[in-house]
Structures are given as structure tokens and as C-alpha cells.
Amino acid sequence: MQYVTLNNGVQMPILGFGVYQIPPEQTEQAVTEALAAGYRLLDTAAAYGNEEAVGRAIKKSGIPREELFVTTKLWVQDAPAEDNTRRAFETSLTGLGLDHLDLYLMHQPFGDVYGQWRAMEALNGEGLAKAIGVANFYPDRLIDLVLNNEVTPAVNQIETHPFFQRAGYQDLMRERGVQTQSWGGFAEGKNDLFGNPLLAGIGREYDKSVAQAVLRWLTQRGVVAIPKSVRAERMAENIDIFDFELTDEQMAAIATLDTGSTLFFDHHDPEMVDWLAKRRLDA
Ligand code: NAP
């Protein structure tokens, strides 16, 4: 496994396993298989409803805690968010059966963002979250957050895949010390990603699949990837990307697939903001 070093010195695996949309009753099995396949970074969220199942798989694995890198995410909190955030954190930690997190992310740039961040800074200061970061922050919100707080987010987890590459934003984040992490690295298969002829052709040159070519491309750009799968053979395929290297020409060819816009939703879309910002997990 390769690692990236976050802005506070914490080491993070460059490839992990995401559990979004895995139903809670399937998650323990999926995470058990992912750990057996060699994944050590696990990415869940309070909003996914499967933290407890992730925790059971971790416990059952017997893998030493220090070998694991566990991320979960804080859902949108009302103001004043300090107490709500600590409560939400404690619920997540208890669900996972852990005494600390490796990375705690603010899931959306909505609600009492600054109150949530200050509470996350406190959790970080107490060593309960070794690193803190954000997700789904576009540059405008990220820079304001960086400028107006003590701790710069270690990570921004954003939609990043061959059809929405965000290379310019990655450069900007690098200048600010923020690590890019891709969600939806396969675009969840949208736009016929797994049938894309360019990606398939590049993969074939190394006897690799489209999925492997995409994950190699992401990690070779220095982007942390967290592919999701419920199938053990795909978990094994998706982690087997460290024995080949794409050429500059292949990286440049993949760059031509960028459409420059989201395949999911825009966090500036008023209807989407209204829906996400009002949603509460316990509602
Ligand atoms: P994804 O990883 O882009 O795609 C997952 C899809 O690809 C599933 O349908 C999976 O099917 C399929 N797949 C996986 N490996 C494959 C392979 N080798 N060949 C063919 N198909 C394959 O989608 P994602 O789950 O949305 O994103 C990854 C992770 O990012 C999530 O699990 C979550 O942890 C995180 N995420 C975060 C946010 C956020 O707001 N912060 C949003 C979305 C996701 P099978 O399962 O049937 O194999």
C-alpha cells in the first residue's frame, strides 16, 4: 500500500474501501471481505446507517487498531452546533466500537458549518479524531473555512472521476495543504464508465480492467480513492493497482474525458441545497 501524508503528519492509505449504499445487513460481510482483501482504510458516514456493521467487522477481524484508518462523517447540524457535533461524534464512535477516529469529515458544507468545524477542531485537539476534514466543499466555501479557522482541513472528499476530474481544484487544494479524496471514483458506473473504450484500451495494455485503470489514474495523480463493491472478486481487483504505471501520454489521454461538470448534483443548485441543508438524520 502507498500512503499520503496529511497536513498534520498523519499517514493515510491512498486506496481504501467505501461503504455508501451498502445496506446495513450486508455491510459486516462486505467489510470483512474487504479487510481480508487487504484494505485498511474504511470510509463510512453517520448518514449511511451502517457504522455499527462496520464496527462489528473491524472487531471480528482482529486487525490491530493502529493498522486501520477509519473515516466517518458528521451529518448537517443545527446552530449552535458545538454540543450537537460532539453528541453526533460520540454516537458514531460508539457505533463503530472505537475509541478514536483516524479522520472525521464534515459531510456537507451546510448547517452551522463554523460551529461544526470548531467542535471538530476540539475533537482533533483531544486526540479523538487524529485528522479532521470536509467533503463536498467547492473552492469558495473551502477557502473561507481555511481563512477563518485555526485548523486547515486535512482532506476534502469530493466527486472526482474521469468525467469530472477537478485537476485545477486539486492544485488549489494542494497549495492550501488540503488532500483531495475522490468519491464516486467510478462515477458509480454512469456514462458507461466500465465500457469506455479509451479506458478499456489503456487497461488492456497492462492486462488490467477499466476499474483498475481508473484507480491507477486517480492514485497516480495523488488522489485518495475509496471504491465501493459488495463483490469479493471486485474488491481484490480494485486493490491490485500497484504493479503498473500509466505513461504521461496515457494520463494525458484520460484527461480528454473530463466534461468539467458533475454527473450527480451541484452543491450550488438551490433545490439540492434546500434538500441537503434541511435533512436531519433523526427526523
Ligand atoms: P463508486 O465507487 O464510483 O462505484 C461503485 C459502483 O461500481 C458499484 O455499483 C459497484 O458495484 C461497481 N463496481 C465496483 N468495482 C467494480 C469493478 N471492479 N468492476 C465493475 N463494477 C465495479 O461509487 P460510490 O460508492 O458512490 O463511491 C465510493 C465511496 O465514496 C462510497 O462508498 C463512499 O464511501 C464515498 N462517497 C462519499 C460521498 C460524499 O458525499 N462524501 C458521496 C458518495 C460516495 P458492486 O458493488 O455490485 O460491485
# chains A, B, ... in the order shown; residues from 1 in each chain; ligands from 1
$ residues_near_ligand --ligand "ligand 1" --cutoff "8 Å" --atoms "only C-alpha atoms and all ligand atoms" --output "VMD selection string"
chain A and resid 17 to 22 42 to 45 73 107 to 108 135 to 136 157 to 159 161 182 to 189 194 209 to 212 225 to 231 233 to 235 237 to 238
$ select_by_dssp --residues "range 112-283 of chain A" --states "strand (DSSP E or B)" --output "JSON, numbers by chain"
{"A": [129, 130, 131, 132, 133, 134, 135, 155, 156, 157, 158, 159, 161, 164, 179, 180, 181, 182, 183, 224, 225]}
$ residues_around --residues "Glu121 in chain A" --least-positions-apart "5" --cutoff "9 Å" --atoms "only C-alpha atoms" --output "list in words"
Gln116, Glu126, Ala129, Ile132, Asn149, Glu150 and Val151 of chain A
$ write_last_selection --atoms "N, CA and C atoms" --output "PDB file, in the first residue's frame"
ATOM      1  N   GLN A 116     -19.864  23.562  13.617  1.00  0.00           N
ATOM      2  CA  GLN A 116     -19.456  22.164  13.440  1.00  0.00           C
ATOM      3  C   GLN A 116     -17.933  22.078  13.389  1.00  0.00           C
ATOM      4  N   GLU A 126      -8.248  16.995  21.186  1.00  0.00           N
ATOM      5  CA  GLU A 126      -8.289  15.987  22.260  1.00  0.00           C
ATOM      6  C   GLU A 126      -7.782  14.632  21.785  1.00  0.00           C
ATOM      7  N   ALA A 129     -10.122  12.533  17.171  1.00  0.00           N
ATOM      8  CA  ALA A 129     -10.085  12.415  15.705  1.00  0.00           C
ATOM      9  C   ALA A 129      -8.684  12.844  15.297  1.00  0.00           C
ATOM     10  N   ILE A 132      -9.020  15.912  10.827  1.00  0.00           N
ATOM     11  CA  ILE A 132     -10.380  16.354  10.502  1.00  0.00           C
ATOM     12  C   ILE A 132     -10.371  16.973   9.102  1.00  0.00           C
ATOM     13  N   ASN A 149     -10.431  29.848  10.338  1.00  0.00           N
ATOM     14  CA  ASN A 149     -10.327  28.862  11.422  1.00  0.00           C
ATOM     15  C   ASN A 149      -8.882  28.521  11.706  1.00  0.00           C
ATOM     16  N   GLU A 150      -8.686  27.910  12.861  1.00  0.00           N
ATOM     17  CA  GLU A 150      -7.338  27.505  13.285  1.00  0.00           C
ATOM     18  C   GLU A 150      -6.805  26.365  12.424  1.00  0.00           C
ATOM     19  N   VAL A 151      -7.624  25.284  12.337  1.00  0.00           N
ATOM     20  CA  VAL A 151      -7.145  24.060  11.691  1.00  0.00           C
ATOM     21  C   VAL A 151      -7.607  24.035  10.237  1.00  0.00           C
TER      22      VAL A 151
END
$ closest_residue --among "A:Gln250, A:Thr94, A:Asn8, A:Thr152" --to "Arg118 in chain A" --atoms "only C-alpha atoms"
A:Thr152
$ closest_residue --among "A:Val214, A:Val70, A:Leu41, A:Ile239" --to "Gly55 in chain A" --atoms "only C-alpha atoms"
A:Val70
$ closest_residue --among "A:Leu218, A:Met120, A:Ile241, A:Leu145" --to "Thr180 in chain A" --atoms "only C-alpha atoms"
A:Leu218
$ select_by_dssp --residues "range 117-283 of chain A" --states "helix (DSSP H, G or I)" --output "VMD selection string"
chain A and resid 117 to 125 139 to 147 167 to 176 187 to 195 197 to 204 210 to 220 232 to 239 248 to 255 270 to 278
